[in-house]
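Novice: If it helps, the file is called upload13.pdb and holds PDB, C-alpha atoms:
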MODEL        1
ATOM      1  CA  MET Q 195     -51.405  13.446  -0.613
ATOM      2  CA  LYS Q 196     -49.653  16.086  -2.654
ATOM      3  CA  ARG Q 197     -47.377  16.885   0.288
ATOM      4  CA  ARG Q 198     -46.607  13.171   0.812
ATOM      5  CA  THR Q 199     -45.873  12.771  -2.873
ATOM      6  CA  PHE Q 200     -43.535  15.798  -2.772
ATOM      7  CA  VAL Q 201     -41.657  14.511   0.305
ATOM      8  CA  ALA Q 202     -41.315  11.017  -1.188
ATOM      9  CA  ALA Q 203     -40.027  12.443  -4.444
ATOM     10  CA  GLY Q 204     -37.547  14.620  -2.554
ATOM     11  CA  PHE Q 205     -36.365  11.639  -0.510
ATOM     12  CA  ALA Q 206     -35.899   9.593  -3.680
ATOM     13  CA  GLY Q 207     -33.964  12.448  -5.239
ATOM     14  CA  LEU Q 208     -31.669  12.701  -2.237
ATOM     15  CA  THR Q 209     -31.137   8.959  -2.325
ATOM     16  CA  LEU Q 210     -30.224   9.146  -6.000
ATOM     17  CA  VAL Q 211     -27.781  12.033  -5.379
ATOM     18  CA  SER Q 212     -26.248  10.158  -2.448
ATOM     19  CA  ALA Q 213     -25.859   7.009  -4.543
ATOM     20  CA  THR Q 214     -24.319   9.020  -7.361
ATOM     21  CA  ARG Q 215     -21.832  10.617  -4.981
ATOM     22  CA  GLY Q 216     -21.017   7.237  -3.486
ATOM     23  CA  HIS Q 217     -20.412   5.826  -6.953
ATOM     24  CA  ALA Q 218     -18.044   8.724  -7.744
ATOM     25  CA  GLN Q 219     -16.168   8.205  -4.506
ATOM     26  CA  GLN Q 220     -15.778   4.519  -5.287
ATOM     27  CA  ARG Q 221     -14.301   5.075  -8.736
ATOM     28  CA  THR Q 222     -11.158   3.037  -9.342
ATOM     29  CA  PHE Q 223      -8.313   4.912 -11.000
ATOM     30  CA  ARG Q 224      -5.813   3.195 -13.266
ATOM     31  CA  ILE Q 225      -2.219   4.446 -13.015
ATOM     32  CA  GLY Q 226       0.378   3.559 -15.617
ATOM     33  CA  TYR Q 227       4.070   3.406 -14.731
ATOM     34  CA  LEU Q 228       6.686   3.484 -17.496
ATOM     35  CA  GLY Q 229      10.362   3.028 -16.655
ATOM     36  CA  GLY Q 230      13.576   1.976 -18.312
ATOM     37  CA  SER Q 231      15.063   0.105 -15.358
ATOM     38  CA  GLY Q 232      14.598  -3.423 -14.046
ATOM     39  CA  ARG Q 233      11.317  -4.928 -12.920
ATOM     40  CA  THR Q 234      10.488  -4.585  -9.225
ATOM     41  CA  PRO Q 235      10.135  -7.829  -7.186
ATOM     42  CA  ASP Q 236       6.324  -7.765  -7.312
ATOM     43  CA  GLY Q 237       6.012  -6.190 -10.758
ATOM     44  CA  GLY Q 238       4.401  -3.008  -9.439
ATOM     45  CA  PRO Q 239       5.661   0.581  -9.525
ATOM     46  CA  PRO Q 240       8.424   1.580  -7.071
ATOM     47  CA  GLY Q 241       7.372   1.159  -3.454
ATOM     48  CA  ALA Q 242       7.928   4.812  -2.481
ATOM     49  CA  LEU Q 243       5.391   5.931  -5.111
ATOM     50  CA  ARG Q 244       2.775   3.467  -3.908
ATOM     51  CA  GLU Q 245       3.429   4.394  -0.297
ATOM     52  CA  GLY Q 246       2.980   8.069  -1.164
ATOM     53  CA  LEU Q 247      -0.360   7.392  -2.835
ATOM     54  CA  ARG Q 248      -1.426   5.124   0.040
ATOM     55  CA  GLN Q 249      -0.849   7.997   2.454
ATOM     56  CA  LEU Q 250      -3.085  10.127   0.258
ATOM     57  CA  GLY Q 251      -5.940   7.628   0.592
ATOM     58  CA  TYR Q 252      -5.459   5.372  -2.435
ATOM     59  CA  VAL Q 253      -5.837   1.690  -1.649
ATOM     60  CA  GLU Q 254      -4.522  -0.779  -4.218
ATOM     61  CA  GLY Q 255      -7.295  -3.000  -5.555
ATOM     62  CA  LYS Q 256      -9.977  -0.754  -4.060
ATOM     63  CA  ASN Q 257      -9.729   2.697  -5.635
ATOM     64  CA  ILE Q 258      -6.472   2.395  -7.571
ATOM     65  CA  ILE Q 259      -4.964  -0.147  -9.974
ATOM     66  CA  TYR Q 260      -1.390  -0.077 -11.265
ATOM     67  CA  GLU Q 261      -0.191  -1.006 -14.738
ATOM     68  CA  ALA Q 262       3.607  -1.096 -14.662
ATOM     69  CA  ARG Q 263       5.909  -1.581 -17.641
ATOM     70  CA  PHE Q 264       9.707  -1.950 -17.365
ATOM     71  CA  ALA Q 265      12.105  -1.765 -20.313
ATOM     72  CA  GLU Q 266      14.848  -3.476 -18.240
ATOM     73  CA  GLY Q 267      17.644  -1.582 -19.938
ATOM     74  CA  ARG Q 268      16.149  -1.928 -23.432
ATOM     75  CA  PRO Q 269      14.836   1.587 -24.242
ATOM     76  CA  GLU Q 270      13.665   0.483 -27.694
ATOM     77  CA  ARG Q 271      10.766  -1.257 -25.926
ATOM     78  CA  LEU Q 272       9.464   1.938 -24.314
ATOM     79  CA  PRO Q 273       7.341   3.166 -27.288
ATOM     80  CA  GLU Q 274       5.575  -0.211 -27.398
ATOM     81  CA  PHE Q 275       4.896  -0.109 -23.655
ATOM     82  CA  ALA Q 276       3.708   3.514 -23.795
ATOM     83  CA  ALA Q 277       1.235   2.647 -26.568
ATOM     84  CA  GLU Q 278       0.015  -0.270 -24.477
ATOM     85  CA  LEU Q 279      -0.691   2.002 -21.491
ATOM     86  CA  VAL Q 280      -2.614   4.354 -23.776
ATOM     87  CA  ARG Q 281      -4.721   1.449 -25.058
ATOM     88  CA  LEU Q 282      -5.480   0.506 -21.452
ATOM     89  CA  LYS Q 283      -6.867   4.040 -20.984
ATOM     90  CA  VAL Q 284      -4.922   4.745 -17.823
ATOM     91  CA  ASP Q 285      -5.832   7.958 -15.993
ATOM     92  CA  VAL Q 286      -2.206   9.070 -15.517
ATOM     93  CA  ILE Q 287       1.168   7.854 -16.811
ATOM     94  CA  LEU Q 288       4.122   8.189 -14.460
ATOM     95  CA  ALA Q 289       7.274   8.193 -16.618
ATOM     96  CA  GLN Q 290      10.707   7.680 -15.056
ATOM     97  CA  GLY Q 291      13.714   8.842 -17.050
ATOM     98  CA  SER Q 292      14.015  10.871 -20.257
ATOM     99  CA  PRO Q 293      13.537   7.940 -22.704
ATOM    100  CA  ALA Q 294      10.296   6.959 -20.931
ATOM    101  CA  GLN Q 295       9.104  10.567 -20.965
ATOM    102  CA  PHE Q 296       9.742  10.914 -24.696
ATOM    103  CA  ALA Q 297       7.959   7.621 -25.377
ATOM    104  CA  ALA Q 298       4.955   8.626 -23.282
ATOM    105  CA  LYS Q 299       4.721  12.050 -24.876
ATOM    106  CA  GLU Q 300       4.893  10.539 -28.355
ATOM    107  CA  ALA Q 301       2.147   8.065 -27.455
ATOM    108  CA  THR Q 302      -0.430  10.541 -26.119
ATOM    109  CA  SER Q 303      -1.204  14.235 -26.033
ATOM    110  CA  THR Q 304      -4.269  13.844 -23.813
ATOM    111  CA  ILE Q 305      -3.449  11.469 -20.945
ATOM    112  CA  PRO Q 306      -1.637  13.382 -18.157
ATOM    113  CA  ILE Q 307       2.041  12.458 -17.734
ATOM    114  CA  VAL Q 308       3.903  12.928 -14.450
ATOM    115  CA  THR Q 309       7.702  12.717 -14.459
ATOM    116  CA  ALA Q 310       9.539  10.807 -11.722
ATOM    117  CA  PRO Q 311      13.133  10.755 -10.337
ATOM    118  CA  ALA Q 312      15.992  10.811 -12.883
ATOM    119  CA  ALA Q 313      13.745  13.052 -14.949
ATOM    120  CA  GLY Q 314      16.519  15.153 -16.432
ATOM    121  CA  ASP Q 315      16.084  18.838 -17.225
ATOM    122  CA  LEU Q 316      12.496  18.964 -18.528
ATOM    123  CA  VAL Q 317      12.906  22.455 -19.979
ATOM    124  CA  GLY Q 318      16.352  21.786 -21.446
ATOM    125  CA  THR Q 319      15.144  18.626 -23.213
ATOM    126  CA  GLY Q 320      12.003  20.354 -24.522
ATOM    127  CA  MET Q 321       9.574  18.233 -22.521
ATOM    128  CA  ILE Q 322       7.826  21.281 -21.044
ATOM    129  CA  ALA Q 323       7.690  24.977 -21.929
ATOM    130  CA  SER Q 324       8.816  26.226 -18.506
ATOM    131  CA  LEU Q 325       8.813  25.148 -14.879
ATOM    132  CA  ALA Q 326       6.120  27.675 -13.933
ATOM    133  CA  ARG Q 327       3.863  26.916 -16.913
ATOM    134  CA  PRO Q 328       4.597  23.454 -18.296
ATOM    135  CA  GLY Q 329       1.900  23.565 -20.993
ATOM    136  CA  GLY Q 330       0.683  20.405 -22.697
ATOM    137  CA  ASN Q 331      -0.008  17.190 -20.785
ATOM    138  CA  MET Q 332       3.249  16.779 -18.827
ATOM    139  CA  THR Q 333       4.484  18.064 -15.477
ATOM    140  CA  GLY Q 334       6.262  16.746 -12.411
ATOM    141  CA  LEU Q 335       9.861  16.596 -11.235
ATOM    142  CA  SER Q 336      12.770  18.133 -13.108
ATOM    143  CA  ASP Q 337      16.521  18.460 -12.580
ATOM    144  CA  ASP Q 338      18.590  21.631 -12.388
ATOM    145  CA  SER Q 339      21.523  20.159 -14.277
ATOM    146  CA  VAL Q 340      23.740  23.269 -14.509
ATOM    147  CA  PRO Q 341      24.430  24.013 -10.802
ATOM    148  CA  LEU Q 342      24.164  20.316  -9.892
ATOM    149  CA  SER Q 343      26.834  19.284 -12.404
ATOM    150  CA  ALA Q 344      29.192  21.970 -11.175
ATOM    151  CA  LYS Q 345      28.655  21.045  -7.522
ATOM    152  CA  ARG Q 346      29.226  17.326  -8.104
ATOM    153  CA  MET Q 347      32.381  17.952 -10.077
ATOM    154  CA  GLU Q 348      33.613  20.314  -7.359
ATOM    155  CA  LEU Q 349      33.007  17.692  -4.633
ATOM    156  CA  LEU Q 350      34.890  15.064  -6.641
ATOM    157  CA  LYS Q 351      37.805  17.462  -7.132
ATOM    158  CA  GLU Q 352      37.863  18.202  -3.387
ATOM    159  CA  THR Q 353      38.164  14.465  -2.737
ATOM    160  CA  VAL Q 354      40.825  13.930  -5.410
ATOM    161  CA  PRO Q 355      42.560  17.340  -5.564
ATOM    162  CA  LYS Q 356      45.307  16.124  -7.921
ATOM    163  CA  ALA Q 357      42.800  14.843 -10.487
ATOM    164  CA  SER Q 358      43.493  16.313 -13.920
ATOM    165  CA  VAL Q 359      41.584  13.792 -16.087
ATOM    166  CA  ILE Q 360      38.034  12.730 -15.178
ATOM    167  CA  ALA Q 361      36.085  10.252 -17.283
ATOM    168  CA  VAL Q 362      32.336  10.863 -17.613
ATOM    169  CA  LEU Q 363      30.164   7.810 -18.290
ATOM    170  CA  TRP Q 364      26.647   8.407 -19.546
ATOM    171  CA  ASN Q 365      23.899   6.829 -21.629
ATOM    172  CA  ALA Q 366      24.162   8.435 -25.065
ATOM    173  CA  ASP Q 367      20.570   7.373 -25.872
ATOM    174  CA  ASP Q 368      19.196   9.457 -22.981
ATOM    175  CA  ARG Q 369      18.774  13.104 -23.992
ATOM    176  CA  GLY Q 370      18.446  14.270 -20.400
ATOM    177  CA  MET Q 371      21.682  12.574 -19.384
ATOM    178  CA  THR Q 372      23.477  13.783 -22.516
ATOM    179  CA  LEU Q 373      22.543  17.338 -21.542
ATOM    180  CA  ARG Q 374      23.952  16.702 -18.074
ATOM    181  CA  SER Q 375      27.219  15.336 -19.486
ATOM    182  CA  GLN Q 376      27.591  18.547 -21.511
ATOM    183  CA  GLU Q 377      27.148  20.618 -18.364
ATOM    184  CA  LEU Q 378      29.798  18.516 -16.648
ATOM    185  CA  GLU Q 379      32.259  19.400 -19.384
ATOM    186  CA  LYS Q 380      31.561  23.104 -18.785
ATOM    187  CA  ALA Q 381      32.072  22.677 -15.037
ATOM    188  CA  ALA Q 382      35.320  20.789 -15.635
ATOM    189  CA  ARG Q 383      36.752  23.651 -17.682
ATOM    190  CA  ILE Q 384      36.213  26.034 -14.757
ATOM    191  CA  LEU Q 385      38.021  23.599 -12.457
ATOM    192  CA  LYS Q 386      40.791  23.175 -15.059
ATOM    193  CA  VAL Q 387      40.090  19.464 -15.414
ATOM    194  CA  GLU Q 388      40.138  17.489 -18.658
ATOM    195  CA  VAL Q 389      36.976  15.443 -19.298
ATOM    196  CA  ARG Q 390      37.101  12.156 -21.162
ATOM    197  CA  ALA Q 391      33.451  11.835 -22.268
ATOM    198  CA  ILE Q 392      32.324   8.246 -22.868
ATOM    199  CA  GLY Q 393      28.782   7.705 -24.133
ATOM    200  CA  VAL Q 394      27.439   4.154 -24.032
ATOM    201  CA  ARG Q 395      24.168   2.632 -25.223
ATOM    202  CA  ASN Q 396      23.992  -0.854 -23.697
ATOM    203  CA  LYS Q 397      25.712  -3.232 -21.292
ATOM    204  CA  GLU Q 398      28.213  -4.365 -23.932
ATOM    205  CA  ASP Q 399      29.231  -0.749 -24.605
ATOM    206  CA  LEU Q 400      29.576  -0.147 -20.880
ATOM    207  CA  ALA Q 401      31.743  -3.235 -20.338
ATOM    208  CA  ALA Q 402      34.005  -2.201 -23.223
ATOM    209  CA  ALA Q 403      34.241   1.361 -21.870
ATOM    210  CA  LEU Q 404      35.223   0.126 -18.409
ATOM    211  CA  SER Q 405      37.851  -2.168 -19.918
ATOM    212  CA  ASP Q 406      39.298   0.783 -21.806
ATOM    213  CA  LEU Q 407      39.300   2.906 -18.641
ATOM    214  CA  GLY Q 408      41.261   0.147 -16.933
ATOM    215  CA  ARG Q 409      43.955   0.471 -19.616
ATOM    216  CA  ARG Q 410      43.924   4.257 -20.000
ATOM    217  CA  ARG Q 411      43.347   5.128 -16.395
ATOM    218  CA  PRO Q 412      41.715   8.477 -15.597
ATOM    219  CA  ASP Q 413      42.222  10.079 -12.187
ATOM    220  CA  ALA Q 414      38.514   9.703 -11.388
ATOM    221  CA  VAL Q 415      35.196   8.702 -12.954
ATOM    222  CA  PHE Q 416      31.841  10.481 -12.930
ATOM    223  CA  VAL Q 417      28.808   8.249 -13.520
ATOM    224  CA  VAL Q 418      25.680   9.980 -14.832
ATOM    225  CA  ALA Q 419      22.746   8.061 -13.379
ATOM    226  CA  ASP Q 420      19.960   6.651 -15.510
ATOM    227  CA  ALA Q 421      18.219   3.285 -15.955
ATOM    228  CA  LEU Q 422      21.095   1.736 -17.942
ATOM    229  CA  MET Q 423      23.686   2.692 -15.336
ATOM    230  CA  PHE Q 424      21.476   1.686 -12.436
ATOM    231  CA  ILE Q 425      20.794  -1.781 -13.829
ATOM    232  CA  ASN Q 426      24.536  -2.275 -14.299
ATOM    233  CA  ARG Q 427      25.641  -0.591 -11.063
ATOM    234  CA  LYS Q 428      27.230  -3.785  -9.735
ATOM    235  CA  LEU Q 429      29.534  -3.918 -12.772
ATOM    236  CA  ILE Q 430      30.478  -0.254 -12.332
ATOM    237  CA  ILE Q 431      31.084  -0.499  -8.578
ATOM    238  CA  GLU Q 432      33.204  -3.628  -9.000
ATOM    239  CA  PHE Q 433      35.309  -1.779 -11.586
ATOM    240  CA  GLN Q 434      35.777   1.171  -9.200
ATOM    241  CA  THR Q 435      36.766  -1.195  -6.381
ATOM    242  CA  ASN Q 436      39.090  -3.467  -8.350
ATOM    243  CA  GLU Q 437      40.834  -0.674 -10.244
ATOM    244  CA  ARG Q 438      40.912   1.646  -7.213
ATOM    245  CA  ILE Q 439      39.629   4.551  -9.293
ATOM    246  CA  PRO Q 440      37.531   7.132  -7.355
ATOM    247  CA  ALA Q 441      34.007   7.607  -8.697
ATOM    248  CA  MET Q 442      31.242  10.138  -8.119
ATOM    249  CA  TYR Q 443      27.631   8.984  -8.398
ATOM    250  CA  GLU Q 444      24.377  10.898  -8.392
ATOM    251  CA  ILE Q 445      22.298   8.881  -5.925
ATOM    252  CA  ALA Q 446      23.137   7.167  -2.638
ATOM    253  CA  ASN Q 447      22.144   3.639  -3.785
ATOM    254  CA  TYR Q 448      25.533   3.264  -5.471
ATOM    255  CA  VAL Q 449      27.424   4.350  -2.351
ATOM    256  CA  ASN Q 450      25.425   2.110  -0.051
ATOM    257  CA  GLU Q 451      26.442  -0.799  -2.299
ATOM    258  CA  GLY Q 452      30.164   0.011  -2.291
ATOM    259  CA  GLY Q 453      30.564   3.167  -4.416
ATOM    260  CA  LEU Q 454      32.768   6.017  -3.190
ATOM    261  CA  MET Q 455      30.526   9.107  -3.017
ATOM    262  CA  SER Q 456      27.298  10.651  -4.269
ATOM    263  CA  TYR Q 457      25.472  13.962  -4.217
ATOM    264  CA  GLY Q 458      21.836  14.228  -5.199
ATOM    265  CA  PRO Q 459      18.192  14.077  -4.149
ATOM    266  CA  ASP Q 460      16.599  11.154  -2.333
ATOM    267  CA  PRO Q 461      14.599   9.123  -4.916
ATOM    268  CA  ALA Q 462      12.067   8.080  -2.254
ATOM    269  CA  GLU Q 463      11.313  11.738  -1.459
ATOM    270  CA  MET Q 464      10.918  12.478  -5.152
ATOM    271  CA  PHE Q 465       8.519   9.577  -5.650
ATOM    272  CA  ARG Q 466       6.389  10.897  -2.792
ATOM    273  CA  LYS Q 467       6.277  14.275  -4.552
ATOM    274  CA  ALA Q 468       5.302  12.509  -7.769
ATOM    275  CA  ALA Q 469       2.460  10.842  -5.834
ATOM    276  CA  ASP Q 470       1.208  14.293  -4.865
ATOM    277  CA  TYR Q 471       1.130  15.313  -8.545
ATOM    278  CA  VAL Q 472      -0.842  12.170  -9.414
ATOM    279  CA  ASP Q 473      -3.305  12.905  -6.613
ATOM    280  CA  ARG Q 474      -3.906  16.490  -7.754
ATOM    281  CA  ILE Q 475      -4.449  15.378 -11.343
ATOM    282  CA  LEU Q 476      -6.912  12.671 -10.290
ATOM    283  CA  LYS Q 477      -8.802  15.380  -8.386
ATOM    284  CA  GLY Q 478      -9.150  17.491 -11.517
ATOM    285  CA  SER Q 479      -6.005  19.593 -11.928
ATOM    286  CA  LYS Q 480      -4.514  19.887 -15.408
ATOM    287  CA  PRO Q 481      -0.788  19.174 -15.932
ATOM    288  CA  ALA Q 482      -0.422  22.417 -17.892
ATOM    289  CA  ASP Q 483      -1.421  24.360 -14.772
ATOM    290  CA  LEU Q 484       0.774  22.481 -12.268
ATOM    291  CA  PRO Q 485       4.286  23.996 -12.043
ATOM    292  CA  ALA Q 486       7.100  21.467 -12.339
ATOM    293  CA  GLU Q 487       9.374  21.212  -9.299
ATOM    294  CA  LEU Q 488      13.081  20.933  -8.663
ATOM    295  CA  PRO Q 489      14.427  18.955  -5.691
ATOM    296  CA  THR Q 490      14.569  21.077  -2.542
ATOM    297  CA  ARG Q 491      17.312  19.088  -0.833
ATOM    298  CA  TYR Q 492      20.432  17.259  -1.951
ATOM    299  CA  TYR Q 493      22.298  14.674   0.107
ATOM    300  CA  LEU Q 494      26.036  14.069   0.283
ATOM    301  CA  THR Q 495      26.817  10.394   0.969
ATOM    302  CA  LEU Q 496      30.377   9.164   1.512
ATOM    303  CA  ASN Q 497      31.761   5.635   1.802
ATOM    304  CA  GLN Q 498      34.704   5.769   4.190
ATOM    305  CA  LYS Q 499      35.453   2.073   3.772
ATOM    306  CA  ALA Q 500      35.695   2.434  -0.027
ATOM    307  CA  ALA Q 501      37.922   5.489   0.368
ATOM    308  CA  GLU Q 502      40.338   3.679   2.701
ATOM    309  CA  ALA Q 503      40.566   0.727   0.264
ATOM    310  CA  MET Q 504      41.740   3.212  -2.397
ATOM    311  CA  GLY Q 505      44.173   4.940  -0.082
ATOM    312  CA  LEU Q 506      42.007   8.070  -0.029
ATOM    313  CA  HIS Q 507      40.939  10.256   2.876
ATOM    314  CA  PHE Q 508      37.913  12.511   2.627
ATOM    315  CA  PRO Q 509      38.757  16.090   3.670
ATOM    316  CA  PRO Q 510      37.480  16.826   7.220
ATOM    317  CA  VAL Q 511      35.223  19.594   5.913
ATOM    318  CA  LEU Q 512      33.563  17.085   3.559
ATOM    319  CA  MET Q 513      33.047  14.593   6.397
ATOM    320  CA  LEU Q 514      31.353  17.317   8.435
ATOM    321  CA  ARG Q 515      29.064  18.245   5.544
ATOM    322  CA  ALA Q 516      28.101  14.650   4.750
ATOM    323  CA  ASP Q 517      24.501  13.616   5.410
ATOM    324  CA  HIS Q 518      25.506   9.965   5.661
ATOM    325  CA  VAL Q 519      28.847   8.180   5.992
ATOM    326  CA  VAL Q 520      29.132   4.461   5.228
ATOM    327  CA  LYS Q 521      31.803   2.976   7.533
TER     328      LYS Q 521
ENDMDL
END
Using structure tokens, write down the structure that the file contains.

Specialist:
Amino acid sequence: MKRRTFVAAGFAGLTLVSATRGHAQQRTFRIGYLGGSGRTPDGGPPGALREGLRQLGYVEGKNIIYEARFAEGRPERLPEFAAELVRLKVDVILAQGSPAQFAAKEATSTIPIVTAPAAGDLVGTGMIASLARPGGNMTGLSDDSVPLSAKRMELLKETVPKASVIAVLWNADDRGMTLRSQELEKAARILKVEVRAIGVRNKEDLAAALSDLGRRRPDAVFVVADALMFINRKLIIEFQTNERIPAMYEIANYVNEGGLMSYGPDPAEMFRKAADYVDRILKGSKPADLPAELPTRYYLTLNQKAAEAMGLHFPPVLMLRADHVVK
């Protein structure tokens, strides 16, 4: 009887442990997404992020739930949205863009924050202590704005060798993009190019800036990418096309929609990397111990059709180096 009792108790214990493990495996994680750009068609986070997490075994509605908040070009709403995600007790906040990162960091010092594409220089903006040891509750993807700014400016100068005045458009409310615009000015001095720096804060500012550029024409324009610029990309591309002013962009989306050229990382690849950070944090890693990463590959995209409409010809060496040419 004693032996039977012992075996039964052991079996019950194993059953309890098994049930406990099963319950842990079935836990549903809540992921918050905070971004400054426009709302996606279905209201969820960007598809590349969800696809990355799906490949890692997270099934929406089964073991993961998304809470997405979009400022839609109104950064003043980000603190409110960040506080809302904190109240919802999300397990991780994925913040896209410097304003979203600042809002998330102000809202919580305990919930892990993962940065997404268009992150800006996390060290330069004071978001993390260093790439190797971020410290605090934030880690993820960063930008290396110094060499990137110089390379982009160099590529634009190769395309428009006679350019002596280049206008730089950026969102003056985005600290990460402001830092990048400052690096562009340094790069321009090396190339002996004058920079006309134009900081804008909303669509009205941007429209006024473009109108002014139409009157006081620069030789080329450099557009620093962030949520404000991306939401208004159609306005910017139409200006470039109508005024026949060459423009350099930072991501290929602009070029695929009619822009002249871009050099930068693939946002989809970066979102998949962000998904990996989320996965490691959900499995117990602390943001402070996860080194932040820089993009490992940059893509040169050229729009030959746009160039021909402006009477430009990309140098043969640039055409050979291009990862993608829109014809």

Novice: Suppose a student applies the PyMOL selection byres ((chain Q and resi 365) around 9) to this structure; what residues should they get, written as a ChimeraX atom specification?

Specialist: /Q:363-364,366-369,371-372,392-396,418-423

Novice: Give me the range 311-392 of chain Q side of the contact with range 465-469 of chain Q, cut-off 8 Å, one line per residue showing its nearest atom pair and distance in Å at one decimal, counting all atoms listed in the file, sorted by chain and residue number, as JSON lines.

Specialist:
{"residue": "Q:Pro311", "atom": "CA", "partner": "Q:Phe465", "partner_atom": "CA", "distance": 6.7}
{"residue": "Q:Gly334", "atom": "CA", "partner": "Q:Ala468", "partner_atom": "CA", "distance": 6.4}
{"residue": "Q:Leu335", "atom": "CA", "partner": "Q:Ala468", "partner_atom": "CA", "distance": 7.0}

Novice: Distance CA of Asp470 in chain Q-CA of Leu325 in chain Q, one decimal place?

Specialist: 16.6 Å

Novice: What do you get, as a count of residues only, if you spell out every residue that the PyMOL selection byres ((chain Q and resi 318-321) around 10) selects here?

Specialist: 28

Novice: Using Å and a single decimal, report how far CA of Pro269 in chain Q sits from CA of Pro293 in chain Q.

Specialist: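 CA of Pro293 in chain Q sits 6.7 Å away from CA of Pro269 in chain Q.
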
Novice: Excluding Lys351 in chain Q and any residue of its chain fewer than 4 positions from it, enumerate the residues within 12 Å of it, using all atoms listed in the file, and give them as a ChimeraX atom specification.

Specialist: /Q:344-347,355-360,381-382,384-388,413-416,440-442,455,508-509,512

Novice: Quick one: of Q:Pro306, Q:Phe433, Q:Ile439, Q:Arg244, who's nearest to Ala402 in chain Q, counting all atoms listed in the file?

Specialist: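 Ranking Q:Pro306, Q:Phe433, Q:Ile439, Q:Arg244 by distance to Ala402 in chain Q, first place goes to Q:Phe433.
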